[in-house]
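I have placed the structure first, in the form of structure tokens, so that the comments after it can refer back to it.
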Amino acid sequence: MSAGKKNPSCESIFDSRRSSLMLTILTECTRNPDIKEKITENGARLRAMISEAGGISQDDQEGQYRILCVMAMYLGMSISNIFTLVENRELMTKILAQAESCILPFCGDKKVKAAQH
């Protein structure tokens with residue numbers, strides 16, 4: 001989430017092969033309930049990890065929706081990368097970090113940023 005460091009989430013967005021695979025898996029979720037269940041479980045685990053990292057309780061409905069927005073942002077960016085390649089990855093990483101800090105309050109927390117450096 002730091003614009004000055006390599007962000008693994010952004011790196012996966014910029015990998016068009018990974019993006020294509022993700023789109024294929026998501027499409028298969030509409031036909032295969034077992035795959036949909038696994039993807040749903042993985043999404044719930046990811047939300048829980050982000051919640052824990054940010055100190056957002058499971059009862060905090062607004063916080064949980066903020067997490068869903070960030071997850072949707074990365075998913076949408078990843079899929080759009082199949083059709084529109086990002087030429088300036090550094091700038092896109094900076095913009096995504098800014099969006100995260102607007103959506104998730106703990107991303108803009110000075111303590112969190114200090115711990116990342």
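Residues are referred to by chain and number: the chain letter is A, B, ... according to the order shown in the structure tokens, the number counts from 1 in that chain, and ligands are numbered separately from 1 in the order shown.
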Spatial neighbours of segment 75-77 of chain A, max dist 12 Å, only C-alpha atoms, sep filter under 2 positions, as a PyMOL selection string:
chain A and resi 9-16+18-20+22-23+26+43+68-73+79-86+92-93+95-96
Could you jot down the atom CA of Glu100 of chain A to atom CA of Glu41 of chain A separation for me, Å, one decimal place?
22.9 Å
Would you please work out which residue, of A:Asp59, A:Glu52, A:Ala99, A:Leu21, is nearest to Tyr74 of chain A when using only C-alpha atoms?
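Of A:Asp59, A:Glu52, A:Ala99, A:Leu21, the one nearest Tyr74 of chain A is A:Ala99, counting only C-alpha atoms.
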Determine which residues of chain A DSSP labels as helix (DSSP H, G or I) from the backbone of this structure, then write them out as number ranges by chain.
A: 8-13, 16-29, 33-54, 61-80, 89-103, 105-108, 110-116
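For the atom pair formed by atom CA of Cys107 of chain A and atom CA of Gly54 of chain A, the distance is 7.9 Å, given to one decimal.
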Could you tell me how far atom CA of Glu28 of chain A sits from atom CA of Arg66 of chain A, in Å to one decimal place?
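The value is 26.5 Å.
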Selected residue, from A:Phe106, A:Asn32, A:Ile67, A:Ser101, that lies nearest to Ala48 of chain A when counting only C-alpha atoms
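Of A:Phe106, A:Asn32, A:Ile67, A:Ser101, the one nearest Ala48 of chain A is A:Ile67, counting only C-alpha atoms.
Minimum atom-to-atom distance to Tyr65 of chain A, evaluated using only C-alpha atoms, belongs to A:Arg47 out of A:Lys36, A:Arg47, A:Arg31, A:Arg17.
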